[in-house]
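Take a look at the structure below.
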Amino acid sequence: TNETNHLGGAANVASNLCSLGFSTYLFGILGNDENGILFNNLSKNLCINTDFCYIDNSRPTTTKTRIMGNNRHIARLDRESCDYINVRGENFLLNNLYNFPNLNAIVIEDYNKGILTPNCIKNIIAFAHRENIPVFVDPKFNNFFEYKDVTLFKPNRFEAAKALDIELKNDDGLKQCG
């Protein structure tokens, strides 16, 4: 087996932004476990601030373990909770966002891990509108239609086709999707 020792999707986006010279602050959820500590250490080494991640004792830090054989990826074992974050965690994230000075943009990477409740999404977007902050969204399936009035909404082809129940095999399907 090969346990993943790199940052996940949203943190990869933050790492890419850091490499371009932007200060990045990750808002998310971690378990109170060894993988949460590892995640924090890896993030700090990449100049990603994780001070705004909620530590939830009731769930594990999302961890992917790849099963390898003959130098090939055979399977992946995921340890995670995709239940919606509790009200205390949601309030922690939103209050930190509301009190954060001088935000230039909000990037939402929704991986259906339970962090982004419909209420949380609605409040993030309303806050961004009040403060004139652009919001960039990479959605998944669960909350696909919750992201209204954002600056950029970027599903991939598979996500858009599934959410809209449209075949995206040609320009007609693409126009229908748009």
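Just remember, in the structure tokens the first chain shown is A, the second B, etc., residues are 1-based per chain, and ligands are 1-based in the order shown.
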
Write down as an mmCIF file with N, CA, C and O atoms, in the first residue's frame the residues of chain A whose backbone DSSP state falls under strand (DSSP E).
data_model
loop_
_atom_site.group_PDB
_atom_site.id
_atom_site.type_symbol
_atom_site.label_atom_id
_atom_site.label_comp_id
_atom_site.auth_asym_id
_atom_site.auth_seq_id
_atom_site.Cartn_x
_atom_site.Cartn_y
_atom_site.Cartn_z
ATOM 1 N N ASN A 2 0.298 2.319 -0.397
ATOM 2 C CA ASN A 2 1.009 3.596 -0.420
ATOM 3 C C ASN A 2 0.058 4.663 0.105
ATOM 4 O O ASN A 2 -0.820 5.109 -0.613
ATOM 5 N N GLU A 3 0.207 5.041 1.369
ATOM 6 C CA GLU A 3 -0.681 6.057 1.937
ATOM 7 C C GLU A 3 -0.298 7.414 1.375
ATOM 8 O O GLU A 3 0.870 7.761 1.285
ATOM 9 N N THR A 24 -2.454 32.377 0.940
ATOM 10 C CA THR A 24 -3.653 31.551 0.942
ATOM 11 C C THR A 24 -3.967 31.065 2.352
ATOM 12 O O THR A 24 -3.069 30.784 3.145
ATOM 13 N N TYR A 25 -5.250 31.003 2.622
ATOM 14 C CA TYR A 25 -5.756 30.594 3.923
ATOM 15 C C TYR A 25 -6.806 29.526 3.679
ATOM 16 O O TYR A 25 -7.781 29.766 2.967
ATOM 17 N N LEU A 26 -6.598 28.372 4.250
ATOM 18 C CA LEU A 26 -7.501 27.257 4.041
ATOM 19 C C LEU A 26 -8.557 27.223 5.129
ATOM 20 O O LEU A 26 -8.245 27.261 6.318
ATOM 21 N N PHE A 27 -9.820 27.211 4.719
ATOM 22 C CA PHE A 27 -10.953 27.029 5.618
ATOM 23 C C PHE A 27 -11.486 25.632 5.331
ATOM 24 O O PHE A 27 -11.848 25.341 4.200
ATOM 25 N N GLY A 28 -11.510 24.777 6.330
ATOM 26 C CA GLY A 28 -11.957 23.417 6.110
ATOM 27 C C GLY A 28 -12.134 22.692 7.421
ATOM 28 O O GLY A 28 -12.327 23.309 8.478
ATOM 29 N N ILE A 29 -12.037 21.374 7.363
ATOM 30 C CA ILE A 29 -12.237 20.551 8.544
ATOM 31 C C ILE A 29 -11.189 19.446 8.581
ATOM 32 O O ILE A 29 -10.852 18.876 7.552
ATOM 33 N N LEU A 30 -10.662 19.225 9.772
ATOM 34 C CA LEU A 30 -9.688 18.156 10.003
ATOM 35 C C LEU A 30 -10.134 17.360 11.211
ATOM 36 O O LEU A 30 -10.788 17.888 12.106
ATOM 37 N N GLY A 31 -9.753 16.099 11.234
ATOM 38 C CA GLY A 31 -9.965 15.308 12.428
ATOM 39 C C GLY A 31 -8.860 15.613 13.431
ATOM 40 O O GLY A 31 -7.806 16.153 13.079
ATOM 41 N N ILE A 48 0.900 27.461 3.384
ATOM 42 C CA ILE A 48 -0.553 27.511 3.413
ATOM 43 C C ILE A 48 -0.971 27.614 4.866
ATOM 44 O O ILE A 48 -0.598 26.786 5.690
ATOM 45 N N ASN A 49 -1.763 28.630 5.180
ATOM 46 C CA ASN A 49 -2.214 28.843 6.543
ATOM 47 C C ASN A 49 -3.461 27.993 6.803
ATOM 48 O O ASN A 49 -4.462 28.122 6.102
ATOM 49 N N THR A 50 -3.394 27.120 7.818
ATOM 50 C CA THR A 50 -4.528 26.253 8.162
ATOM 51 C C THR A 50 -5.168 26.648 9.491
ATOM 52 O O THR A 50 -5.925 25.864 10.067
ATOM 53 N N ASP A 51 -4.896 27.850 9.967
ATOM 54 C CA ASP A 51 -5.450 28.293 11.251
ATOM 55 C C ASP A 51 -6.973 28.339 11.258
ATOM 56 O O ASP A 51 -7.590 28.362 12.316
ATOM 57 N N PHE A 52 -7.593 28.362 10.085
ATOM 58 C CA PHE A 52 -9.041 28.494 9.993
ATOM 59 C C PHE A 52 -9.726 27.161 9.687
ATOM 60 O O PHE A 52 -10.881 27.130 9.289
ATOM 61 N N CYS A 53 -8.989 26.078 9.864
ATOM 62 C CA CYS A 53 -9.579 24.747 9.721
ATOM 63 C C CYS A 53 -10.163 24.317 11.064
ATOM 64 O O CYS A 53 -9.506 24.426 12.096
ATOM 65 N N TYR A 54 -11.373 23.845 11.027
ATOM 66 C CA TYR A 54 -12.072 23.390 12.222
ATOM 67 C C TYR A 54 -11.602 21.978 12.561
ATOM 68 O O TYR A 54 -11.547 21.109 11.684
ATOM 69 N N ILE A 55 -11.238 21.759 13.806
ATOM 70 C CA ILE A 55 -10.833 20.438 14.276
ATOM 71 C C ILE A 55 -12.059 19.761 14.879
ATOM 72 O O ILE A 55 -12.629 20.242 15.855
ATOM 73 N N ASP A 56 -12.467 18.650 14.275
ATOM 74 C CA ASP A 56 -13.655 17.917 14.714
ATOM 75 C C ASP A 56 -13.222 16.571 15.292
ATOM 76 O O ASP A 56 -12.703 15.721 14.560
ATOM 77 N N THR A 63 -8.403 10.750 4.386
ATOM 78 C CA THR A 63 -7.137 10.144 3.992
ATOM 79 C C THR A 63 -7.395 9.111 2.904
ATOM 80 O O THR A 63 -8.332 8.324 3.008
ATOM 81 N N LYS A 64 -6.582 9.134 1.879
ATOM 82 C CA LYS A 64 -6.680 8.187 0.772
ATOM 83 C C LYS A 64 -5.471 7.252 0.836
ATOM 84 O O LYS A 64 -4.346 7.720 0.900
ATOM 85 N N THR A 65 -5.715 5.953 0.797
ATOM 86 C CA THR A 65 -4.633 4.974 0.761
ATOM 87 C C THR A 65 -4.735 4.222 -0.558
ATOM 88 O O THR A 65 -5.770 3.633 -0.866
ATOM 89 N N ARG A 66 -3.678 4.289 -1.332
ATOM 90 C CA ARG A 66 -3.657 3.610 -2.622
ATOM 91 C C ARG A 66 -3.053 2.217 -2.457
ATOM 92 O O ARG A 66 -1.993 2.072 -1.862
ATOM 93 N N ILE A 67 -3.727 1.213 -3.014
ATOM 94 C CA ILE A 67 -3.231 -0.159 -3.018
ATOM 95 C C ILE A 67 -2.488 -0.345 -4.335
ATOM 96 O O ILE A 67 -3.063 -0.166 -5.413
ATOM 97 N N MET A 68 -1.209 -0.669 -4.224
ATOM 98 C CA MET A 68 -0.348 -0.783 -5.398
ATOM 99 C C MET A 68 0.092 -2.233 -5.584
ATOM 100 O O MET A 68 0.270 -2.966 -4.618
ATOM 101 N N GLY A 69 0.274 -2.630 -6.817
ATOM 102 C CA GLY A 69 0.828 -3.941 -7.155
ATOM 103 C C GLY A 69 1.541 -3.850 -8.482
ATOM 104 O O GLY A 69 1.005 -3.296 -9.441
ATOM 105 N N ARG A 72 1.492 -0.545 -10.165
ATOM 106 C CA ARG A 72 0.226 -0.089 -10.720
ATOM 107 C C ARG A 72 -0.772 0.146 -9.593
ATOM 108 O O ARG A 72 -0.798 -0.580 -8.607
ATOM 109 N N HIS A 73 -1.599 1.144 -9.791
ATOM 110 C CA HIS A 73 -2.658 1.459 -8.833
ATOM 111 C C HIS A 73 -3.787 0.445 -9.021
ATOM 112 O O HIS A 73 -4.385 0.370 -10.090
ATOM 113 N N ILE A 74 -4.066 -0.330 -7.983
ATOM 114 C CA ILE A 74 -5.098 -1.363 -8.060
ATOM 115 C C ILE A 74 -6.410 -0.867 -7.463
ATOM 116 O O ILE A 74 -7.480 -1.059 -8.036
ATOM 117 N N ALA A 75 -6.322 -0.251 -6.302
ATOM 118 C CA ALA A 75 -7.533 0.214 -5.609
ATOM 119 C C ALA A 75 -7.155 1.348 -4.669
ATOM 120 O O ALA A 75 -5.976 1.621 -4.439
ATOM 121 N N ARG A 76 -8.173 2.004 -4.129
ATOM 122 C CA ARG A 76 -7.949 3.081 -3.166
ATOM 123 C C ARG A 76 -8.911 2.891 -2.001
ATOM 124 O O ARG A 76 -10.093 2.626 -2.197
ATOM 125 N N LEU A 77 -8.390 3.044 -0.812
ATOM 126 C CA LEU A 77 -9.184 2.959 0.405
ATOM 127 C C LEU A 77 -9.294 4.365 0.978
ATOM 128 O O LEU A 77 -8.280 5.004 1.258
ATOM 129 N N ASP A 78 -10.528 4.861 1.122
ATOM 130 C CA ASP A 78 -10.753 6.203 1.648
ATOM 131 C C ASP A 78 -11.245 6.107 3.085
ATOM 132 O O ASP A 78 -12.168 5.348 3.372
ATOM 133 N N ARG A 79 -10.615 6.870 3.973
ATOM 134 C CA ARG A 79 -11.101 7.023 5.343
ATOM 135 C C ARG A 79 -11.585 8.454 5.470
ATOM 136 O O ARG A 79 -10.786 9.391 5.370
ATOM 137 N N ILE A 106 -12.553 34.395 -2.925
ATOM 138 C CA ILE A 106 -12.918 33.159 -2.242
ATOM 139 C C ILE A 106 -12.983 32.068 -3.309
ATOM 140 O O ILE A 106 -13.686 32.215 -4.310
ATOM 141 N N VAL A 107 -12.226 31.006 -3.088
ATOM 142 C CA VAL A 107 -12.241 29.853 -3.981
ATOM 143 C C VAL A 107 -12.892 28.710 -3.211
ATOM 144 O O VAL A 107 -12.413 28.322 -2.155
ATOM 145 N N ILE A 108 -13.977 28.185 -3.755
ATOM 146 C CA ILE A 108 -14.691 27.086 -3.111
ATOM 147 C C ILE A 108 -14.451 25.818 -3.917
ATOM 148 O O ILE A 108 -14.848 25.730 -5.080
ATOM 149 N N GLU A 109 -13.791 24.867 -3.282
ATOM 150 C CA GLU A 109 -13.572 23.539 -3.855
ATOM 151 C C GLU A 109 -14.500 22.592 -3.101
ATOM 152 O O GLU A 109 -14.221 22.212 -1.978
ATOM 153 N N VAL A 135 -16.204 35.166 -6.099
ATOM 154 C CA VAL A 135 -16.281 33.781 -5.629
ATOM 155 C C VAL A 135 -16.118 32.853 -6.833
ATOM 156 O O VAL A 135 -16.864 32.953 -7.809
ATOM 157 N N PHE A 136 -15.153 31.956 -6.731
ATOM 158 C CA PHE A 136 -14.858 30.986 -7.768
ATOM 159 C C PHE A 136 -15.195 29.597 -7.229
ATOM 160 O O PHE A 136 -14.714 29.222 -6.169
ATOM 161 N N VAL A 137 -16.010 28.828 -7.973
ATOM 162 C CA VAL A 137 -16.525 27.562 -7.459
ATOM 163 C C VAL A 137 -16.187 26.400 -8.391
ATOM 164 O O VAL A 137 -16.428 26.470 -9.594
ATOM 165 N N ASP A 138 -15.656 25.344 -7.783
ATOM 166 C CA ASP A 138 -15.496 24.054 -8.441
ATOM 167 C C ASP A 138 -16.450 23.106 -7.715
ATOM 168 O O ASP A 138 -16.145 22.640 -6.621
ATOM 169 N N LEU A 152 -17.482 32.762 -10.911
ATOM 170 C CA LEU A 152 -17.121 31.699 -11.847
ATOM 171 C C LEU A 152 -17.603 30.373 -11.281
ATOM 172 O O LEU A 152 -17.360 30.067 -10.111
ATOM 173 N N PHE A 153 -18.290 29.601 -12.106
ATOM 174 C CA PHE A 153 -18.798 28.283 -11.736
ATOM 175 C C PHE A 153 -18.203 27.300 -12.725
ATOM 176 O O PHE A 153 -18.497 27.370 -13.910
#

Would you kindly return, as a CSV table (one decimal) with all heavy atoms, in the first residue's frame, each protein, DNA or RNA residue with an atom no farther than 9 Å from any atom of A:Ile115, considering only C-alpha atoms and excluding same-chain residues fewer than 5 positions away?
chain,number,residue,atom,x,y,z
A,28,GLY,N,-11.5,24.8,6.3
A,28,GLY,CA,-12.0,23.4,6.1
A,28,GLY,C,-12.1,22.7,7.4
A,28,GLY,O,-12.3,23.3,8.5
A,29,ILE,N,-12.0,21.4,7.4
A,29,ILE,CA,-12.2,20.6,8.5
A,29,ILE,C,-11.2,19.4,8.6
A,29,ILE,O,-10.9,18.9,7.6
A,29,ILE,CB,-13.7,20.0,8.6
A,29,ILE,CG1,-14.0,19.3,9.9
A,29,ILE,CG2,-13.9,19.0,7.4
A,29,ILE,CD1,-15.4,19.0,10.1
A,82,CYS,N,-18.4,11.9,5.2
A,82,CYS,CA,-19.1,12.9,4.3
A,82,CYS,C,-20.3,13.5,4.9
A,82,CYS,O,-21.1,14.2,4.2
A,82,CYS,CB,-19.4,12.2,3.0
A,82,CYS,SG,-17.8,11.7,2.1
A,83,ASP,N,-20.6,13.2,6.2
A,83,ASP,CA,-21.7,13.8,6.8
A,83,ASP,C,-21.5,15.3,6.9
A,83,ASP,O,-20.4,15.8,7.0
A,83,ASP,CB,-21.9,13.3,8.3
A,83,ASP,CG,-22.2,11.8,8.3
A,83,ASP,OD1,-22.8,11.3,7.3
A,83,ASP,OD2,-21.9,11.2,9.3
A,84,TYR,N,-22.6,16.1,6.9
A,84,TYR,CA,-22.5,17.5,7.0
A,84,TYR,C,-21.8,17.9,8.3
A,84,TYR,O,-22.1,17.3,9.4
A,84,TYR,CB,-23.9,18.2,6.9
A,84,TYR,CG,-24.3,18.5,5.5
A,84,TYR,CD1,-25.6,18.2,5.1
A,84,TYR,CD2,-23.4,19.0,4.5
A,84,TYR,CE1,-26.0,18.4,3.8
A,84,TYR,CE2,-23.8,19.2,3.2
A,84,TYR,CZ,-25.1,18.9,2.9
A,84,TYR,OH,-25.5,19.2,1.6
A,85,ILE,N,-21.1,18.9,8.3
A,85,ILE,CA,-20.4,19.5,9.5
A,85,ILE,C,-21.4,19.9,10.5
A,85,ILE,O,-22.5,20.3,10.1
A,85,ILE,CB,-19.5,20.7,9.0
A,85,ILE,CG1,-18.6,21.1,10.2
A,85,ILE,CG2,-20.3,21.8,8.5
A,85,ILE,CD1,-17.5,22.1,9.7
A,86,ASN,N,-21.1,19.8,11.8
A,86,ASN,CA,-22.1,20.2,12.8
A,86,ASN,C,-22.2,21.7,12.8
A,86,ASN,O,-21.4,22.5,12.2
A,86,ASN,CB,-21.7,19.6,14.2
A,86,ASN,CG,-20.3,20.1,14.6
A,86,ASN,OD1,-19.9,21.2,14.5
A,86,ASN,ND2,-19.6,19.1,15.2
A,89,GLY,N,-19.1,23.6,14.0
A,89,GLY,CA,-18.1,23.7,13.0
A,89,GLY,C,-18.5,24.8,11.9
A,89,GLY,O,-17.6,25.5,11.4
A,90,GLU,N,-19.7,24.7,11.5
A,90,GLU,CA,-20.2,25.7,10.5
A,90,GLU,C,-20.0,27.1,11.0
A,90,GLU,O,-19.5,28.0,10.3
A,90,GLU,CB,-21.7,25.4,10.2
A,90,GLU,CG,-22.2,26.2,9.0
A,90,GLU,CD,-23.6,25.8,8.7
A,90,GLU,OE1,-23.8,24.8,8.0
A,90,GLU,OE2,-24.5,26.6,9.1
A,110,ASP,N,-15.6,22.2,-3.7
A,110,ASP,CA,-16.6,21.4,-3.0
A,110,ASP,C,-16.4,19.9,-3.5
A,110,ASP,O,-16.5,19.6,-4.6
A,110,ASP,CB,-18.0,21.8,-3.4
A,110,ASP,CG,-19.1,21.2,-2.6
A,110,ASP,OD1,-18.8,20.2,-1.9
A,110,ASP,OD2,-20.2,21.6,-2.6
A,120,CYS,N,-24.2,27.1,4.7
A,120,CYS,CA,-22.9,27.6,4.7
A,120,CYS,C,-22.6,28.3,3.3
A,120,CYS,O,-22.1,29.4,3.2
A,120,CYS,CB,-21.9,26.5,4.9
A,120,CYS,SG,-20.2,27.0,5.3
